[in-house]
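Structure file my_file-v8.txt (compact mmCIF, C-alpha atoms) follows.
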# COMPACT_ATOMS: atom_id res chain seq x y z
CA MET A 227 0.00 0.00 0.00
CA ILE A 228 2.86 2.39 0.82
CA LYS A 229 4.50 1.64 -2.54
CA GLN A 230 1.20 2.24 -4.32
CA LEU A 231 0.80 5.58 -2.54
CA ARG A 232 4.33 6.59 -3.49
CA ASP A 233 3.74 5.64 -7.13
CA PHE A 234 0.46 7.57 -7.07
CA ILE A 235 2.19 10.71 -5.77
CA LEU A 236 4.98 10.52 -8.35
CA LEU A 237 2.54 9.95 -11.21
CA TYR A 238 0.23 12.84 -10.32
CA LYS A 239 2.67 15.27 -8.71
CA PHE A 240 1.41 18.37 -10.57
CA GLU A 241 -2.18 17.78 -9.47
CA LEU A 242 -0.88 17.10 -5.94
CA ILE A 243 0.96 20.44 -5.90
CA LEU A 244 -2.22 22.23 -6.98
CA THR A 245 -4.15 20.43 -4.23
CA ILE A 246 -1.64 21.59 -1.60
CA CYS A 247 -1.96 25.12 -2.96
CA MET A 248 -5.74 24.94 -2.67
CA PHE A 249 -5.57 23.72 0.93
CA SER A 250 -3.60 26.84 1.87
CA ASN A 251 -7.05 28.44 2.12
CA LEU A 252 -7.89 25.99 4.92
CA TYR A 253 -4.45 26.18 6.55
CA PRO A 254 -3.45 29.87 6.20
CA VAL A 255 -1.09 29.71 9.20
CA GLN A 256 0.95 26.81 7.84
CA LEU A 257 0.80 27.83 4.15
CA PRO A 258 0.83 31.25 2.42
CA GLY A 259 -2.74 32.26 1.54
CA TYR A 260 -1.85 33.33 -2.01
CA LEU A 261 -1.19 29.69 -2.93
CA TYR A 262 -4.97 29.18 -3.20
CA TYR A 263 -5.07 31.48 -6.22
CA ILE A 264 -2.22 29.53 -7.79
CA SER A 265 -4.43 26.43 -7.68
CA VAL A 266 -7.25 28.32 -9.43
CA PHE A 267 -4.93 29.59 -12.15
CA GLY A 268 -3.40 26.12 -12.39
CA ILE A 269 -6.79 24.71 -13.37
CA ALA A 270 -7.28 27.63 -15.76
CA TYR A 271 -3.94 26.72 -17.38
CA GLY A 272 -5.41 23.28 -18.10
CA ILE A 273 -7.93 24.89 -20.49
CA ARG A 274 -5.10 25.94 -22.79
CA LYS A 275 -2.93 22.87 -22.23
CA TYR A 276 -5.73 20.41 -23.06
CA HIS A 277 -7.32 22.51 -25.82
CA ALA A 278 -10.66 22.78 -24.04
CA SER A 279 -13.50 24.54 -25.85
CA SER A 280 -17.15 25.38 -25.24
CA SER A 281 -19.52 22.65 -24.11
CA SER A 282 -23.25 22.02 -23.85
CA ARG A 283 -23.39 23.90 -20.52
CA THR A 284 -21.47 26.96 -21.77
CA GLY A 285 -24.70 28.81 -22.53
CA LEU A 286 -26.02 28.26 -19.00
CA THR A 287 -22.68 29.30 -17.52
CA LEU A 288 -22.48 32.50 -19.57
CA SER A 289 -26.06 33.32 -18.62
CA LEU A 290 -25.24 32.95 -14.91
CA VAL A 291 -22.11 35.08 -15.34
CA ALA A 292 -24.22 37.75 -17.07
CA VAL A 293 -26.77 37.73 -14.23
CA VAL A 294 -24.00 38.03 -11.61
CA ILE A 295 -22.48 41.02 -13.47
CA LEU A 296 -25.82 42.72 -14.14
CA SER A 297 -27.09 42.33 -10.58
CA SER A 298 -23.83 43.76 -9.24
CA PHE A 299 -23.86 46.62 -11.75
CA LEU A 300 -27.41 47.61 -10.82
CA ALA A 301 -26.47 47.47 -7.13
CA GLY A 302 -23.33 49.55 -7.74
CA THR A 303 -21.06 46.82 -6.37
CA LEU A 304 -19.21 45.66 -9.47
CA ASP A 305 -15.91 44.93 -7.74
CA SER A 306 -13.08 42.39 -7.67
CA ARG A 307 -15.24 39.82 -5.87
CA THR A 308 -17.74 39.88 -8.72
CA TRP A 309 -15.07 39.47 -11.40
CA GLY A 310 -13.40 36.74 -9.36
CA MET A 311 -16.67 34.80 -9.14
CA CYS A 312 -17.22 35.14 -12.88
CA PHE A 313 -13.68 33.91 -13.62
CA LEU A 314 -14.17 30.93 -11.31
CA LEU A 315 -17.48 29.97 -12.95
CA LEU A 316 -15.96 30.18 -16.42
CA ILE A 317 -12.93 27.97 -15.75
CA ALA A 318 -14.96 25.45 -13.73
CA LEU A 319 -17.92 25.13 -16.10
CA ALA A 320 -17.62 26.81 -19.48
CA TYR A 321 -14.85 24.71 -21.10
CA SER A 322 -14.53 21.02 -21.82
CA SER A 323 -12.33 18.46 -23.53
CA GLU A 324 -11.40 14.89 -22.64
CA GLY A 325 -7.90 15.90 -21.54
CA PHE A 326 -9.16 18.80 -19.44
CA TYR A 327 -11.81 16.55 -17.90
CA ARG A 328 -9.25 13.93 -16.87
CA PHE A 329 -6.99 16.66 -15.47
CA LYS A 330 -9.81 18.11 -13.35
CA PHE A 331 -10.96 14.63 -12.31
CA THR A 332 -7.46 13.76 -11.08
CA PHE A 333 -7.14 17.04 -9.20
CA MET A 334 -10.51 16.49 -7.53
CA TYR A 335 -9.71 12.89 -6.59
CA ILE A 336 -6.44 13.92 -4.93
CA SER A 337 -8.12 16.79 -3.10
CA LEU A 338 -10.69 14.35 -1.67
CA MET A 339 -7.79 12.33 -0.27
CA GLY A 340 -6.64 15.60 1.30
CA TYR A 341 -9.90 15.88 3.24
CA ALA A 342 -9.35 12.43 4.71
CA PHE A 343 -5.84 13.49 5.72
CA THR A 344 -7.32 16.65 7.27
CA SER A 345 -9.54 14.48 9.47
CA LEU A 346 -6.57 12.53 10.80
CA ILE A 347 -4.22 15.42 11.51
CA ASN A 348 -6.95 17.43 13.25
CA PHE A 349 -7.89 14.38 15.32
CA TYR A 350 -4.25 14.44 16.40
CA ALA A 351 -4.55 18.18 17.06
CA LYS A 352 -7.51 17.56 19.39
CA GLN A 353 -5.59 14.91 21.31
CA THR A 354 -2.55 17.17 21.72
CA GLY A 355 -4.45 20.38 22.54
CA VAL A 356 -3.71 22.31 19.33
CA ASN A 357 -6.47 24.82 18.57
CA LEU A 358 -5.47 27.74 16.34
CA TYR A 359 -8.91 29.37 16.32
CA ASP A 360 -9.01 29.50 20.10
CA ALA A 361 -5.45 30.81 20.23
CA VAL A 362 -6.34 33.67 17.87
CA LEU A 363 -9.41 34.58 19.94
CA ILE A 364 -7.41 34.62 23.16
CA SER A 365 -4.60 36.73 21.69
CA THR A 366 -7.05 39.16 20.05
CA TRP A 367 -9.88 39.45 22.56
CA GLY A 368 -8.42 37.87 25.66
CA ALA A 369 -11.24 35.33 25.84
CA SER A 370 -12.02 31.84 24.60
CA THR A 371 -15.27 30.44 23.20
CA GLY A 372 -14.08 26.84 23.51
CA GLU A 373 -14.67 26.19 19.80
CA PHE A 374 -12.25 23.82 18.09
CA SER A 375 -10.55 24.27 14.71
CA GLY A 376 -7.38 22.25 15.18
CA TYR A 377 -4.76 23.30 12.65
CA THR A 378 -7.40 24.89 10.37
CA CYS A 379 -8.57 28.49 10.36
CA HIS A 380 -12.18 28.05 11.53
CA PRO A 381 -14.34 25.38 13.22
CA MET A 382 -17.01 25.43 10.49
CA TRP A 383 -14.36 25.02 7.80
CA LEU A 384 -12.94 22.08 9.74
CA SER A 385 -16.33 20.38 9.96
CA ALA A 386 -17.04 20.77 6.24
CA ALA A 387 -13.62 19.37 5.29
CA CYS A 388 -13.83 16.44 7.71
CA GLY A 389 -17.38 15.68 6.54
CA ILE A 390 -16.00 15.13 3.05
CA GLY A 391 -13.09 13.20 4.56
CA THR A 392 -15.58 10.79 6.15
CA ILE A 393 -17.18 10.16 2.76
CA PHE A 394 -13.77 9.43 1.24
CA PHE A 395 -12.93 6.95 4.01
CA VAL A 396 -16.20 5.08 3.39
CA TYR A 397 -15.45 5.07 -0.36
CA ALA A 398 -12.01 3.59 0.36
CA MET A 399 -13.65 0.96 2.55
CA ILE A 400 -15.95 0.01 -0.33
CA VAL A 401 -13.01 -0.25 -2.72
CA MET A 402 -11.02 -2.51 -0.40
CA PHE A 403 -14.12 -4.57 0.47
CA LYS A 404 -14.62 -5.25 -3.23
CA ARG A 405 -10.96 -6.30 -3.36
CA ARG A 406 -11.65 -8.67 -0.43
CA SER A 407 -9.09 -7.07 1.86
CA LYS A 408 -10.73 -7.38 5.28
CA LEU A 409 -7.88 -5.85 7.26
CA ALA A 410 -7.70 -2.75 5.06
CA THR A 411 -11.48 -2.39 5.20
CA VAL A 412 -11.46 -2.48 9.00
CA LEU A 413 -8.56 -0.02 9.27
CA LEU A 414 -10.29 2.40 6.90
CA GLY A 415 -13.44 1.96 8.98
CA VAL A 416 -11.51 3.16 12.01
CA GLY A 417 -10.42 6.13 9.90
CA ALA A 418 -14.06 6.85 9.06
CA LEU A 419 -15.01 6.83 12.76
CA ILE A 420 -12.12 9.17 13.56
CA SER A 421 -13.23 11.44 10.73
CA ILE A 422 -16.86 11.71 11.82
CA TRP A 423 -15.74 12.31 15.42
CA THR A 424 -13.45 15.14 14.25
CA THR A 425 -16.28 16.56 12.13
CA MET A 426 -18.40 16.77 15.28
CA GLN A 427 -15.57 18.47 17.19
CA GLY A 428 -15.83 21.35 14.74
CA GLY A 429 -19.32 21.89 16.11
CA SER A 430 -21.29 21.78 12.86
CA ARG A 431 -24.40 19.70 13.43
CA SER A 432 -25.38 20.04 9.78
CA ALA A 433 -22.01 18.87 8.41
CA SER A 434 -21.97 15.92 10.83
CA GLY A 435 -25.48 14.71 10.04
CA ILE A 436 -25.28 15.30 6.30
CA SER A 437 -21.95 13.50 5.99
CA VAL A 438 -23.49 10.39 7.61
CA LEU A 439 -26.46 10.56 5.23
CA CYS A 440 -24.14 10.93 2.22
CA CYS A 441 -22.08 7.94 3.37
CA LEU A 442 -25.29 5.92 3.37
CA PHE A 443 -26.10 7.25 -0.11
CA LEU A 444 -22.65 6.17 -1.26
CA ILE A 445 -23.02 2.66 0.15
CA LEU A 446 -26.48 2.17 -1.36
CA ASN A 447 -25.32 3.22 -4.82
CA ALA A 448 -21.78 1.84 -5.08
CA PHE A 449 -22.60 -1.89 -5.24
CA GLU A 450 -23.97 -3.91 -8.14
CA SER A 451 -24.74 -6.92 -5.93
CA ALA A 452 -27.48 -6.68 -3.27
CA SER A 453 -25.77 -9.38 -1.20
CA GLN A 454 -22.48 -7.45 -1.23
CA LYS A 455 -24.34 -4.35 -0.14
CA ARG A 456 -25.89 -6.21 2.81
CA GLN A 457 -22.58 -7.77 3.84
CA PHE A 458 -20.96 -4.33 3.87
CA LEU A 459 -23.82 -2.35 5.39
CA ILE A 460 -24.93 -4.54 8.32
CA PRO A 461 -21.63 -4.37 10.29
CA ILE A 462 -21.47 -0.61 9.66
CA ILE A 463 -25.00 -0.10 11.04
CA LEU A 464 -24.14 -2.12 14.15
CA VAL A 465 -20.93 -0.14 14.76
CA ALA A 466 -22.77 3.15 14.13
CA LEU A 467 -25.46 2.25 16.65
CA MET A 468 -22.79 1.52 19.25
CA THR A 469 -20.65 4.62 18.66
CA LEU A 470 -22.58 7.54 17.17
CA PRO A 471 -25.04 8.17 20.04
CA SER A 472 -22.21 8.67 22.55
CA MET A 473 -20.31 10.86 20.06
CA VAL A 474 -23.33 13.14 19.77
CA LEU A 475 -24.47 13.21 23.40
CA ASP A 476 -20.97 13.80 24.79
CA ASN A 477 -20.11 16.53 22.28
CA ALA A 478 -19.56 19.81 24.13
CA GLN A 479 -19.43 21.74 20.83
CA PHE A 480 -23.00 20.80 19.93
CA ASN A 481 -24.26 21.82 23.36
CA ARG A 482 -22.77 25.30 22.94
CA LYS A 483 -24.92 25.90 19.86
CA GLN A 484 -28.24 27.70 19.94
CA GLY A 485 -30.79 25.04 20.86
CA GLY A 486 -28.03 22.53 21.62
CA LEU A 487 -28.86 19.00 20.53
CA ASN A 488 -32.49 20.04 19.90
CA LEU A 489 -31.36 22.24 16.96
CA VAL A 490 -33.85 25.00 17.94
CA ASP A 491 -34.21 26.89 21.22
CA GLU A 492 -37.33 27.30 23.35
CA GLY A 493 -38.54 30.09 21.08
CA GLY A 494 -38.29 27.87 18.01
CA GLN A 495 -35.22 29.72 16.70
CA SER A 496 -32.14 28.03 15.27
CA SER A 497 -28.67 29.44 14.72
CA ARG A 498 -29.68 30.10 11.10
CA THR A 499 -33.21 31.50 11.49
CA ALA A 500 -32.24 35.19 11.50
CA LEU A 501 -29.92 34.76 8.52
CA TRP A 502 -32.52 32.86 6.48
CA THR A 503 -35.16 35.47 7.28
CA ALA A 504 -32.79 38.21 6.10
CA ARG A 505 -32.11 36.44 2.78
CA ILE A 506 -35.83 35.94 2.14
CA ALA A 507 -36.45 39.63 2.84
CA GLU A 508 -33.71 40.55 0.36
CA PHE A 509 -35.26 38.31 -2.27
CA LYS A 510 -38.67 39.92 -1.77
CA SER A 511 -37.12 43.37 -2.21
CA SER A 512 -35.64 42.43 -5.61
CA PRO A 513 -37.05 39.09 -6.83
CA ILE A 514 -35.95 39.15 -10.49
CA LEU A 515 -32.21 39.92 -10.45
CA GLY A 516 -31.56 40.06 -6.71
CA VAL A 517 -29.88 42.68 -4.57
CA GLY A 518 -26.47 42.16 -6.21
CA PHE A 519 -23.69 39.61 -5.90
CA GLY A 520 -21.98 39.87 -2.50
CA VAL A 521 -24.49 42.43 -1.22
CA ILE A 522 -25.98 42.21 2.30
CA LYS A 523 -29.00 44.47 2.86
CA GLU A 524 -30.79 42.71 5.70
CA GLY A 525 -29.71 41.24 9.01
CA PRO A 526 -27.58 42.41 11.93
CA GLU A 527 -26.23 45.95 11.50
CA GLU A 528 -22.65 44.70 11.88
CA PHE A 529 -23.14 42.25 8.99
CA ILE A 530 -24.55 44.99 6.74
CA ARG A 531 -21.78 47.46 7.63
CA ASN A 532 -19.01 44.92 6.97
CA GLN A 533 -20.85 43.16 4.11
CA SER A 534 -20.29 39.88 5.94
CA THR A 535 -19.97 36.67 3.92
CA GLU A 536 -21.92 34.83 6.65
CA THR A 537 -25.27 34.63 4.87
CA GLY A 538 -26.56 31.37 6.34
CA SER A 539 -27.35 29.43 3.16
CA GLY A 540 -25.81 29.10 -0.28
CA TRP A 541 -29.13 28.44 -1.97
CA LEU A 542 -30.84 31.39 -0.28
CA THR A 543 -27.82 33.57 -1.05
CA ALA A 544 -28.13 32.72 -4.76
CA LEU A 545 -31.84 33.54 -4.57
CA ALA A 546 -31.33 36.82 -2.70
CA GLN A 547 -28.30 38.10 -4.61
CA THR A 548 -29.16 37.04 -8.18
CA GLY A 549 -32.95 36.69 -7.96
CA ILE A 550 -35.14 33.99 -9.38
CA ILE A 551 -33.23 34.07 -12.70
CA GLY A 552 -29.83 33.43 -11.12
CA PHE A 553 -31.23 30.85 -8.73
CA GLY A 554 -32.85 28.98 -11.62
CA LEU A 555 -29.56 28.90 -13.53
CA VAL A 556 -27.67 27.67 -10.44
CA PHE A 557 -30.20 24.89 -9.94
CA LEU A 558 -30.10 23.83 -13.62
CA LEU A 559 -26.29 23.61 -13.56
CA PHE A 560 -26.39 21.65 -10.31
CA TYR A 561 -29.04 19.28 -11.67
CA ARG A 562 -26.92 18.53 -14.75
CA ALA A 563 -24.38 16.89 -12.42
CA LYS A 564 -26.85 14.17 -11.42
CA LEU A 565 -25.55 10.77 -12.59
CA PRO A 566 -27.70 7.75 -13.50
CA ARG A 567 -27.58 5.08 -10.82
CA ASP A 568 -26.05 2.50 -13.19
CA TYR A 569 -22.95 4.69 -13.56
CA MET A 570 -22.39 4.69 -9.81
CA ARG A 571 -22.98 0.96 -9.42
CA THR A 572 -20.23 0.13 -11.92
CA ASP A 573 -17.78 2.86 -10.86
CA SER A 574 -17.21 3.47 -7.15
CA THR A 575 -15.35 6.71 -7.90
CA ALA A 576 -18.40 8.11 -9.69
CA ALA A 577 -20.47 7.25 -6.60
CA LEU A 578 -17.87 9.02 -4.44
CA LEU A 579 -18.02 12.23 -6.47
CA GLU A 580 -21.81 12.19 -6.54
CA ALA A 581 -21.93 11.66 -2.75
CA VAL A 582 -19.55 14.59 -2.21
CA LEU A 583 -21.63 16.86 -4.44
CA LEU A 584 -24.76 15.76 -2.56
CA PHE A 585 -22.98 16.71 0.67
CA LEU A 586 -22.07 20.13 -0.73
CA GLY A 587 -25.58 20.68 -2.08
CA LEU A 588 -27.30 19.78 1.19
CA HIS A 589 -24.75 21.57 3.34
CA SER A 590 -25.32 24.67 1.20
CA LEU A 591 -28.71 24.92 2.90
CA PHE A 592 -26.72 25.98 5.99
CA GLU A 593 -23.44 27.37 4.63
CA ALA A 594 -23.01 29.83 1.78
CA TYR A 595 -19.80 28.71 0.13
CA MET A 596 -21.27 28.22 -3.36
CA PHE A 597 -21.21 32.03 -3.73
CA GLN A 598 -18.14 32.80 -1.59
CA VAL A 599 -15.36 33.13 -4.12
CA GLY A 600 -12.70 33.60 -1.42
CA TRP A 601 -13.46 30.19 0.14
CA TYR A 602 -11.91 27.19 -1.57
CA MET A 603 -15.14 25.21 -1.11
CA CYS A 604 -16.77 27.49 -3.68
CA PHE A 605 -14.14 26.42 -6.20
CA VAL A 606 -14.59 22.75 -5.27
CA PHE A 607 -18.39 22.98 -5.59
CA TRP A 608 -18.43 24.40 -9.12
CA LEU A 609 -15.50 22.30 -10.33
CA LEU A 610 -17.30 19.16 -9.17
CA VAL A 611 -20.48 20.21 -10.98
CA GLY A 612 -18.52 20.47 -14.23
CA ILE A 613 -16.67 17.18 -13.70
CA LEU A 614 -19.84 15.18 -13.05
CA ASP A 615 -21.62 16.72 -16.02
CA ASP A 616 -18.64 15.79 -18.23
CA TYR A 617 -18.59 12.25 -16.78
CA LYS A 618 -21.65 11.43 -18.87
CA THR A 619 -19.61 12.28 -21.98
CA TYR A 620 -16.11 11.04 -21.19
CA GLY A 621 -16.76 8.24 -18.68
CA PRO A 622 -14.70 6.89 -15.77
CA VAL A 623 -11.01 7.39 -15.01
CA PRO A 624 -10.26 3.91 -13.57
CA GLU A 625 -6.48 4.28 -13.41
CA LEU A 626 -6.75 6.57 -10.36
CA GLU A 627 -8.42 3.93 -8.21
CA GLY A 628 -6.25 1.18 -9.68
CA THR A 629 -3.01 3.05 -9.02
CA LEU A 630 -3.94 3.94 -5.43
CA PHE A 631 -5.58 0.69 -4.31
CA GLY A 632 -4.22 -1.89 -6.75
CA ALA A 633 -6.05 -4.15 -9.19
CA GLU A 634 -9.26 -5.87 -8.15
CA GLU A 635 -8.82 -9.43 -6.92
CA GLU A 636 -11.34 -10.80 -9.41
CA GLU A 637 -9.31 -9.37 -12.26
CA GLU A 638 -6.11 -10.85 -10.82
CA GLU A 639 -7.78 -14.26 -10.45
CA ASN A 640 -9.03 -14.16 -14.04
CA GLU A 641 -5.58 -13.24 -15.28
CA SER A 642 -3.97 -16.14 -13.36
CA GLU A 643 -6.58 -18.54 -14.75
CA ASP A 644 -5.88 -17.33 -18.28
CA GLU A 645 -2.15 -17.82 -17.72
CA SER A 646 -2.63 -21.39 -16.41
CA GLU A 647 -4.83 -22.21 -19.41
CA ASP A 648 -2.13 -20.85 -21.75
CA GLU A 649 0.49 -23.01 -19.99
CA ASN A 650 -1.66 -26.14 -20.31
CA GLU A 651 -2.12 -25.48 -24.01

As a first step, turn the structure in this file into structure tokens.
Amino acid sequence: MIKQLRDFILLYKFELILTICMFSNLYPVQLPGYLYYISVFGIAYGIRKYHASSSSRTGLTLSLVAVVILSSFLAGTLDSRTWGMCFLLLIALAYSSEGFYRFKFTFMYISLMGYAFTSLINFYAKQTGVNLYDAVLISTWGASTGEFSGYTCHPMWLSAACGIGTIFFVYAMIVMFKRRSKLATVLLGVGALISIWTTMQGGSRSASGISVLCCLFLILNAFESASQKRQFLIPIILVALMTLPSMVLDNAQFNRKQGGLNLVDEGGQSSRTALWTARIAEFKSSPILGVGFGVIKEGPEEFIRNQSTETGSGWLTALAQTGIIGFGLVFLLFYRAKLPRDYMRTDSTAALLEAVLLFLGLHSLFEAYMFQVGWYMCFVFWLLVGILDDYKTYGPVPELEGTLFGAEEEEEENESEDESEDENE
């Protein structure tokens, strides 16, 4: 396994470098923040390198870009954030070729491995008392909230990353289960438990719950055989029933939230109610083209004054800032990434990518990263939409899974049988 990992790194070193650059956005203390933009321009370079051209979704993409520009122009906020969002949408969605698709697919696959690694190193951070977010609060304000971010810049960012890491661990379990490697499956299962525990330490109830649901989605769609699915799922359900309740009930981060484990307080308010109400009010004030990309008109006075990026929901942000037209275009682009179930049953990696996009789509009900160009998750969201849409044209990239995990046992057995038959002849 170590040799396979080494070979994987050497084979895809450019994509690995871009992934590290992208993760500088999550680890700004350990890595220079400007590296994130290098990763974005690195993907843009792939358009030229792989001779990518317009695709069937180019029209939708250009329409969304036009709405973003027009809404910002009418609001008088046509600034660098707007142009940055337009650039990101264009490189992630507007261009396509087989080479560019495989390049983006490889980059995305390696970045998903990075989320799994994030889960492990921040589990270690929790055990050793490393908490950068708390340290910054203490040095700046002289007080601590007790929230945990580990080595990352923010607890919510940690939870989102580790939620995806959990999905990758479950995917790796499925791959090794299909290869009949029981020990590797169990070890990766331990990694999945560590990952979901670390997700919960970030304090995001939505990321924790949605990641578990998306793992279940992945399991239900990644097997062709019903018996295989049962063999894999039953032990996981039993382990989950024994471990998850205590993880939730003993989680101090959840109890600090408004409403605690009940999600809403005695007045029926959640930690997102005020933000959602503000976005709906903005939509009602300008329902066609929205109040303008990046514009905050409703909510706490501090948020309006600082034009805070904390808007409470990506979907409601799209609705409020670009109106019903922009929201419709966002939904159509997102829907294009939906894969037929047969694709996922025959390709575990396709099921992985679809599960991650489902996580991002559902989590966008509570976090607004799909319209936050300065957050790397925005880049990941739109890049993944383009990759999954292109999957229906260009198909799987099996060498990634094969290089990392080795050939499937069934294939190896068939090859040995063929060789013995050749020898007998």

Practice problem: May I ask which of the residues A:Val623, A:Leu630, A:Ala452, A:Leu591 is the closest one to Trp502 in chain A, counting all atoms listed in the file? | Solution: A:Leu591

Exercise. Write out as a VMD selection string the residues lying within 12 Å of His589 in chain A, counting only C-alpha atoms and excluding same-chain residues fewer than 6 positions away.
Key: chain A and resid 382 to 383 385 to 387 389 to 390 430 to 437 439 to 440 538 to 541 581 to 583 595 to 596 603 607

With C-alpha atoms retained, could you export that selection as a PDB file, in the coordinates of the input?
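Saved to again28.pdb:
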ATOM      1  CA  MET A 382     -17.010  25.430  10.490  1.00  0.00           C
ATOM      2  CA  TRP A 383     -14.360  25.020   7.800  1.00  0.00           C
ATOM      3  CA  SER A 385     -16.330  20.380   9.960  1.00  0.00           C
ATOM      4  CA  ALA A 386     -17.040  20.770   6.240  1.00  0.00           C
ATOM      5  CA  ALA A 387     -13.620  19.370   5.290  1.00  0.00           C
ATOM      6  CA  GLY A 389     -17.380  15.680   6.540  1.00  0.00           C
ATOM      7  CA  ILE A 390     -16.000  15.130   3.050  1.00  0.00           C
ATOM      8  CA  SER A 430     -21.290  21.780  12.860  1.00  0.00           C
ATOM      9  CA  ARG A 431     -24.400  19.700  13.430  1.00  0.00           C
ATOM     10  CA  SER A 432     -25.380  20.040   9.780  1.00  0.00           C
ATOM     11  CA  ALA A 433     -22.010  18.870   8.410  1.00  0.00           C
ATOM     12  CA  SER A 434     -21.970  15.920  10.830  1.00  0.00           C
ATOM     13  CA  GLY A 435     -25.480  14.710  10.040  1.00  0.00           C
ATOM     14  CA  ILE A 436     -25.280  15.300   6.300  1.00  0.00           C
ATOM     15  CA  SER A 437     -21.950  13.500   5.990  1.00  0.00           C
ATOM     16  CA  LEU A 439     -26.460  10.560   5.230  1.00  0.00           C
ATOM     17  CA  CYS A 440     -24.140  10.930   2.220  1.00  0.00           C
ATOM     18  CA  GLY A 538     -26.560  31.370   6.340  1.00  0.00           C
ATOM     19  CA  SER A 539     -27.350  29.430   3.160  1.00  0.00           C
ATOM     20  CA  GLY A 540     -25.810  29.100  -0.280  1.00  0.00           C
ATOM     21  CA  TRP A 541     -29.130  28.440  -1.970  1.00  0.00           C
ATOM     22  CA  ALA A 581     -21.930  11.660  -2.750  1.00  0.00           C
ATOM     23  CA  VAL A 582     -19.550  14.590  -2.210  1.00  0.00           C
ATOM     24  CA  LEU A 583     -21.630  16.860  -4.440  1.00  0.00           C
ATOM     25  CA  TYR A 595     -19.800  28.710   0.130  1.00  0.00           C
ATOM     26  CA  MET A 596     -21.270  28.220  -3.360  1.00  0.00           C
ATOM     27  CA  MET A 603     -15.140  25.210  -1.110  1.00  0.00           C
ATOM     28  CA  PHE A 607     -18.390  22.980  -5.590  1.00  0.00           C
TER      29      PHE A 607
END

Quiz item: At what distance in Å, to one decimal, does CA of Cys388 in chain A lie from CA of Thr629 in chain A?
Solution: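 Rounded to one decimal, the two atoms are 24.0 Å apart.
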
Axis-aligned box for all listed atoms of range 600-614 of chain A, 6 Å per side, centre and edges in Å to one decimal, as lines of an AutoDock Vina configuration file:
center_x = -16.2
center_y = 24.4
center_z = -7.0
size_x = 20.6
size_y = 30.4
size_z = 26.4

Counting all atoms listed in the file, which residues of range 265-350 of chain A sit at most 8 Å from some atom of range 543-548 of chain A, and what is each one's closest atom pair with its distance in Å to one decimal, listed by chain and rising residue number, as CSV?
residue,atom,partner,partner_atom,distance
A:Val293,CA,A:Thr548,CA,6.5
A:Val294,CA,A:Thr548,CA,6.3
A:Ser297,CA,A:Thr548,CA,6.2

Exercise. Point out the residue among A:Ala361, A:Ala448, A:Ile422, A:Val556 with the least atom-to-atom distance to Ala398 in chain A, counting only C-alpha atoms.
Key: A:Ala448

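With CA of Gly549 in chain A on one side and CA of Pro513 in chain A on the other, the separation reads 4.9 Å.
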
Exercise. Please return, as a PyMOL selection string, all polymer residues that have at least one atom within 10 Å of the point (-15.8, 7.1, 2.0); use only C-alpha atoms and the file's own coordinate frame.
Key: chain A and resi 338-339+342+389-401+414-415+417-418+437+440-442+444-445+574-575+577-578+581-582

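With distances taken over all atoms listed in the file, A:Leu614 is the one residue among A:Trp601, A:Glu241, A:Leu614, A:Val416 lying closest to Tyr569 in chain A.
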
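Note that the spacing between CA of Tyr359 in chain A and CA of Gly259 in chain A amounts to 16.3 Å.
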
Quiz item: So, counting only C-alpha atoms, which residue among A:Leu384, A:Ile522, A:Ile613, A:Val438 is closest to Ser322 in chain A?
Solution: A:Ile613
